[in-house]
$ cat upload.txt   # compact mmCIF, N, CA and C atoms
# COMPACT_ATOMS: atom_id res chain seq x y z
N MET A 50 -47.31 34.25 39.83
CA MET A 50 -47.89 32.94 40.08
C MET A 50 -47.81 32.12 38.81
N PRO A 51 -47.09 31.02 38.81
CA PRO A 51 -46.97 30.18 37.62
C PRO A 51 -48.31 29.55 37.22
N ILE A 52 -48.55 29.52 35.93
CA ILE A 52 -49.77 28.93 35.40
C ILE A 52 -49.45 27.52 34.91
N ALA A 53 -50.19 26.54 35.36
CA ALA A 53 -50.04 25.13 34.97
C ALA A 53 -48.62 24.63 35.18
N GLY A 54 -47.96 25.09 36.22
CA GLY A 54 -46.65 24.59 36.57
C GLY A 54 -45.49 25.17 35.78
N HIS A 55 -45.74 26.15 34.93
CA HIS A 55 -44.68 26.77 34.14
C HIS A 55 -44.38 28.16 34.66
N THR A 56 -43.11 28.50 34.65
CA THR A 56 -42.70 29.84 35.07
C THR A 56 -42.89 30.80 33.89
N PRO A 57 -42.89 32.10 34.18
CA PRO A 57 -43.00 33.07 33.07
C PRO A 57 -41.88 32.92 32.04
N LEU A 58 -40.69 32.52 32.49
CA LEU A 58 -39.58 32.35 31.57
C LEU A 58 -39.85 31.20 30.59
N VAL A 59 -40.47 30.13 31.06
CA VAL A 59 -40.82 29.01 30.20
C VAL A 59 -41.88 29.45 29.18
N TRP A 60 -42.88 30.21 29.64
CA TRP A 60 -43.92 30.70 28.72
C TRP A 60 -43.30 31.62 27.67
N PHE A 61 -42.36 32.45 28.09
CA PHE A 61 -41.69 33.34 27.14
C PHE A 61 -40.92 32.52 26.10
N GLY A 62 -40.21 31.50 26.55
CA GLY A 62 -39.48 30.64 25.63
C GLY A 62 -40.39 29.93 24.66
N LEU A 63 -41.52 29.43 25.16
CA LEU A 63 -42.48 28.76 24.28
C LEU A 63 -43.05 29.72 23.24
N THR A 64 -43.35 30.94 23.67
CA THR A 64 -43.90 31.94 22.76
C THR A 64 -42.89 32.31 21.68
N VAL A 65 -41.65 32.55 22.08
CA VAL A 65 -40.61 32.89 21.11
C VAL A 65 -40.38 31.72 20.15
N GLY A 66 -40.40 30.50 20.66
CA GLY A 66 -40.24 29.33 19.81
C GLY A 66 -41.36 29.20 18.79
N GLN A 67 -42.59 29.43 19.21
CA GLN A 67 -43.71 29.36 18.28
C GLN A 67 -43.63 30.45 17.23
N ILE A 68 -43.24 31.65 17.63
CA ILE A 68 -43.09 32.74 16.67
C ILE A 68 -42.00 32.39 15.66
N ALA A 69 -40.89 31.81 16.13
CA ALA A 69 -39.80 31.44 15.24
C ALA A 69 -40.24 30.37 14.24
N ILE A 70 -41.02 29.40 14.70
CA ILE A 70 -41.50 28.34 13.81
C ILE A 70 -42.39 28.92 12.72
N VAL A 71 -43.31 29.79 13.09
CA VAL A 71 -44.21 30.42 12.11
C VAL A 71 -43.40 31.27 11.13
N LEU A 72 -42.44 32.03 11.64
CA LEU A 72 -41.63 32.88 10.79
C LEU A 72 -40.83 32.06 9.78
N VAL A 73 -40.22 30.98 10.22
CA VAL A 73 -39.45 30.12 9.32
C VAL A 73 -40.37 29.52 8.25
N CYS A 74 -41.54 29.05 8.65
CA CYS A 74 -42.49 28.48 7.68
C CYS A 74 -42.92 29.52 6.64
N VAL A 75 -43.19 30.74 7.09
CA VAL A 75 -43.59 31.80 6.16
C VAL A 75 -42.45 32.13 5.20
N LEU A 76 -41.22 32.23 5.71
CA LEU A 76 -40.09 32.56 4.85
C LEU A 76 -39.81 31.46 3.83
N ILE A 77 -39.92 30.20 4.24
CA ILE A 77 -39.71 29.10 3.30
C ILE A 77 -40.81 29.09 2.24
N SER A 78 -42.05 29.32 2.67
CA SER A 78 -43.16 29.38 1.71
C SER A 78 -42.95 30.53 0.72
N LEU A 79 -42.49 31.66 1.22
CA LEU A 79 -42.25 32.81 0.36
C LEU A 79 -41.15 32.51 -0.65
N ALA A 80 -40.10 31.82 -0.22
CA ALA A 80 -39.02 31.46 -1.14
C ALA A 80 -39.56 30.58 -2.27
N PHE A 81 -40.41 29.61 -1.95
CA PHE A 81 -40.97 28.74 -2.99
C PHE A 81 -41.94 29.52 -3.89
N LEU A 82 -42.73 30.42 -3.32
CA LEU A 82 -43.65 31.21 -4.14
C LEU A 82 -42.89 32.13 -5.10
N LEU A 83 -41.83 32.76 -4.61
CA LEU A 83 -41.02 33.61 -5.49
C LEU A 83 -40.34 32.78 -6.57
N TRP A 84 -39.87 31.60 -6.22
CA TRP A 84 -39.25 30.72 -7.20
C TRP A 84 -40.27 30.36 -8.29
N GLY A 85 -41.48 30.00 -7.87
CA GLY A 85 -42.53 29.67 -8.83
C GLY A 85 -42.88 30.86 -9.71
N ASP A 86 -42.95 32.03 -9.12
CA ASP A 86 -43.26 33.24 -9.87
C ASP A 86 -42.19 33.51 -10.92
N ARG A 87 -40.93 33.38 -10.50
CA ARG A 87 -39.83 33.60 -11.45
C ARG A 87 -39.87 32.57 -12.57
N LYS A 88 -40.19 31.33 -12.26
CA LYS A 88 -40.26 30.29 -13.30
C LYS A 88 -41.40 30.56 -14.29
N VAL A 89 -42.54 31.01 -13.77
CA VAL A 89 -43.67 31.32 -14.65
C VAL A 89 -43.31 32.46 -15.59
N TRP A 90 -42.76 33.55 -15.03
CA TRP A 90 -42.41 34.68 -15.87
C TRP A 90 -41.27 34.35 -16.82
N ALA A 91 -40.37 33.46 -16.42
CA ALA A 91 -39.31 33.01 -17.33
C ALA A 91 -39.93 32.26 -18.51
N GLY A 92 -40.96 31.46 -18.24
CA GLY A 92 -41.65 30.75 -19.32
C GLY A 92 -42.36 31.72 -20.26
N VAL A 93 -42.95 32.76 -19.68
CA VAL A 93 -43.64 33.76 -20.50
C VAL A 93 -42.64 34.46 -21.42
N MET A 94 -41.45 34.75 -20.90
CA MET A 94 -40.43 35.43 -21.70
C MET A 94 -39.54 34.46 -22.48
N MET A 95 -39.86 33.18 -22.42
CA MET A 95 -39.14 32.12 -23.13
C MET A 95 -37.64 32.11 -22.80
N ARG A 96 -37.33 32.06 -21.51
CA ARG A 96 -35.95 31.91 -21.05
C ARG A 96 -35.94 30.88 -19.93
N LYS A 97 -34.77 30.54 -19.41
CA LYS A 97 -34.68 29.45 -18.44
C LYS A 97 -35.20 29.83 -17.05
N GLY A 98 -34.98 31.03 -16.62
CA GLY A 98 -35.40 31.42 -15.27
C GLY A 98 -34.31 31.17 -14.25
N PRO A 99 -34.62 31.32 -12.97
CA PRO A 99 -33.59 31.17 -11.94
C PRO A 99 -33.15 29.71 -11.83
N ASN A 100 -31.89 29.45 -12.10
CA ASN A 100 -31.40 28.08 -12.00
C ASN A 100 -29.93 28.03 -11.59
N VAL A 101 -29.37 29.14 -11.12
CA VAL A 101 -27.94 29.20 -10.84
C VAL A 101 -27.65 29.13 -9.35
N VAL A 102 -28.38 29.86 -8.53
CA VAL A 102 -28.07 29.99 -7.12
C VAL A 102 -28.82 28.94 -6.31
N GLY A 103 -28.11 28.00 -5.74
CA GLY A 103 -28.72 26.96 -4.92
C GLY A 103 -29.40 25.90 -5.76
N PRO A 104 -29.97 24.89 -5.08
CA PRO A 104 -30.65 23.83 -5.81
C PRO A 104 -31.92 24.34 -6.49
N PHE A 105 -32.01 24.15 -7.79
CA PHE A 105 -33.17 24.58 -8.59
C PHE A 105 -33.37 26.08 -8.58
N GLY A 106 -32.39 26.85 -8.12
CA GLY A 106 -32.53 28.31 -8.08
C GLY A 106 -33.31 28.81 -6.88
N LEU A 107 -33.49 27.97 -5.86
CA LEU A 107 -34.30 28.36 -4.70
C LEU A 107 -33.65 29.45 -3.85
N MET A 108 -32.33 29.62 -3.95
CA MET A 108 -31.65 30.62 -3.14
C MET A 108 -31.53 31.97 -3.85
N GLN A 109 -32.10 32.10 -5.04
CA GLN A 109 -31.98 33.32 -5.83
C GLN A 109 -32.54 34.53 -5.07
N SER A 110 -33.66 34.36 -4.38
CA SER A 110 -34.25 35.48 -3.64
C SER A 110 -33.32 35.96 -2.54
N PHE A 111 -32.64 35.02 -1.87
CA PHE A 111 -31.71 35.40 -0.81
C PHE A 111 -30.48 36.09 -1.39
N ALA A 112 -30.04 35.66 -2.57
CA ALA A 112 -28.92 36.31 -3.24
C ALA A 112 -29.32 37.73 -3.64
N ASP A 113 -30.54 37.90 -4.14
CA ASP A 113 -31.03 39.23 -4.50
C ASP A 113 -31.10 40.14 -3.27
N PHE A 114 -31.54 39.58 -2.14
CA PHE A 114 -31.61 40.36 -0.91
C PHE A 114 -30.21 40.80 -0.46
N GLY A 115 -29.25 39.87 -0.53
CA GLY A 115 -27.88 40.21 -0.16
C GLY A 115 -27.31 41.30 -1.06
N LYS A 116 -27.60 41.21 -2.35
CA LYS A 116 -27.15 42.23 -3.30
C LYS A 116 -27.79 43.58 -2.95
N PHE A 117 -29.06 43.57 -2.60
CA PHE A 117 -29.76 44.80 -2.23
C PHE A 117 -29.16 45.43 -0.98
N VAL A 118 -28.85 44.62 0.03
CA VAL A 118 -28.31 45.13 1.28
C VAL A 118 -26.91 45.73 1.08
N LEU A 119 -26.11 45.08 0.25
CA LEU A 119 -24.73 45.52 0.05
C LEU A 119 -24.58 46.60 -1.02
N LYS A 120 -25.66 46.94 -1.68
CA LYS A 120 -25.60 47.91 -2.76
C LYS A 120 -25.32 49.31 -2.20
N GLU A 121 -24.49 50.05 -2.91
CA GLU A 121 -24.14 51.40 -2.47
C GLU A 121 -25.28 52.36 -2.77
N ILE A 122 -25.56 53.25 -1.82
CA ILE A 122 -26.59 54.26 -2.01
C ILE A 122 -25.98 55.39 -2.85
N THR A 123 -26.58 55.69 -3.97
CA THR A 123 -26.09 56.75 -4.85
C THR A 123 -26.96 57.98 -4.68
N ILE A 124 -26.34 59.06 -4.28
CA ILE A 124 -27.05 60.33 -4.09
C ILE A 124 -26.56 61.31 -5.15
N PRO A 125 -27.45 61.90 -5.93
CA PRO A 125 -27.02 62.85 -6.96
C PRO A 125 -26.25 64.02 -6.36
N ASP A 126 -25.33 64.58 -7.15
CA ASP A 126 -24.46 65.65 -6.66
C ASP A 126 -25.23 66.89 -6.19
N GLY A 127 -26.24 67.30 -6.92
CA GLY A 127 -26.95 68.53 -6.58
C GLY A 127 -28.08 68.35 -5.57
N ALA A 128 -28.29 67.13 -5.09
CA ALA A 128 -29.42 66.86 -4.20
C ALA A 128 -29.08 67.19 -2.76
N ASN A 129 -30.10 67.60 -2.02
CA ASN A 129 -29.96 67.80 -0.59
C ASN A 129 -29.97 66.41 0.04
N LYS A 130 -28.88 66.03 0.69
CA LYS A 130 -28.72 64.67 1.20
C LYS A 130 -29.81 64.30 2.21
N GLY A 131 -30.13 65.21 3.12
CA GLY A 131 -31.15 64.94 4.14
C GLY A 131 -32.52 64.70 3.52
N VAL A 132 -32.91 65.58 2.61
CA VAL A 132 -34.22 65.45 1.96
C VAL A 132 -34.26 64.19 1.11
N PHE A 133 -33.16 63.89 0.42
CA PHE A 133 -33.09 62.73 -0.46
C PHE A 133 -33.28 61.44 0.33
N LEU A 134 -32.72 61.37 1.53
CA LEU A 134 -32.83 60.15 2.35
C LEU A 134 -34.12 60.08 3.15
N LEU A 135 -34.67 61.23 3.55
CA LEU A 135 -35.89 61.24 4.37
C LEU A 135 -37.18 61.16 3.57
N ALA A 136 -37.16 61.53 2.30
CA ALA A 136 -38.38 61.56 1.49
C ALA A 136 -39.09 60.20 1.44
N PRO A 137 -38.39 59.09 1.20
CA PRO A 137 -39.11 57.80 1.19
C PRO A 137 -39.68 57.44 2.56
N VAL A 138 -38.96 57.79 3.62
CA VAL A 138 -39.45 57.49 4.97
C VAL A 138 -40.72 58.27 5.26
N VAL A 139 -40.73 59.55 4.92
CA VAL A 139 -41.92 60.39 5.14
C VAL A 139 -43.09 59.87 4.31
N SER A 140 -42.84 59.50 3.06
CA SER A 140 -43.91 58.97 2.20
C SER A 140 -44.50 57.70 2.78
N PHE A 141 -43.63 56.82 3.27
CA PHE A 141 -44.08 55.56 3.86
C PHE A 141 -44.93 55.82 5.10
N ILE A 142 -44.47 56.70 5.97
CA ILE A 142 -45.19 56.99 7.21
C ILE A 142 -46.55 57.62 6.91
N LEU A 143 -46.59 58.55 5.97
CA LEU A 143 -47.87 59.19 5.64
C LEU A 143 -48.84 58.20 4.99
N ALA A 144 -48.32 57.34 4.11
CA ALA A 144 -49.19 56.36 3.44
C ALA A 144 -49.80 55.39 4.44
N PHE A 145 -48.98 54.87 5.35
CA PHE A 145 -49.50 53.89 6.31
C PHE A 145 -50.20 54.57 7.47
N GLY A 146 -49.94 55.83 7.72
CA GLY A 146 -50.66 56.56 8.76
C GLY A 146 -52.11 56.80 8.39
N GLY A 147 -52.37 56.93 7.09
CA GLY A 147 -53.73 57.15 6.62
C GLY A 147 -54.49 55.86 6.35
N TRP A 148 -53.86 54.74 6.52
CA TRP A 148 -54.49 53.44 6.28
C TRP A 148 -55.44 53.11 7.45
N PRO A 149 -56.71 52.84 7.14
CA PRO A 149 -57.65 52.58 8.25
C PRO A 149 -57.39 51.28 8.97
$ encode --input "upload.txt" --output "structure tokens"
Amino acid sequence: MPIAGHTPLVWFGLTVGQIAIVLVCVLISLAFLLWGDRKVWAGVMMRKGPNVVGPFGLMQSFADFGKFVLKEITIPDGANKGVFLLAPVVSFILAFGGWP
């Protein structure tokens, strides 16, 4: 039964649109906060700070993320590959599993 003349598909579209708007606002705010943080710490260390990637260095965080995603995973020769890759996942699950 449609509520207020809208079908469930319209409500779904509105909900997804609102989530997308909030997500974009949060990501843009985070980019500016990280930029400000980098500028403050650059001032503390008496250097220029992020000013190369994008206007005023605002895209530096996205460049860092791209570098992180494309970075090769290095596994030591003598390490057990399964344990080496699963250890952070297990630690994360146990830490957040105990969070009230």
$ atom_distance --input "upload.txt" --atom1 "atom CA of Asp86 of chain A" --atom2 "atom CA of Phe141 of chain A"
26.2 Å
$ atom_distance --input "upload.txt" --atom1 "atom CA of Lys120 of chain A" --atom2 "atom CA of Ile142 of chain A"
23.8 Å
$ axis_aligned_box --input "upload.txt" --around "segment 145-148 of chain A" --padding-each-side "8 Å" --output "lines of an AutoDock Vina configuration file"
center_x = -52.2
center_y = 55.1
center_z = 7.1
size_x = 22.5
size_y = 20.0
size_z = 19.4
$ atom_distance --input "upload.txt" --atom1 "atom CA of Leu107 of chain A" --atom2 "atom CA of Leu72 of chain A"
17.7 Å
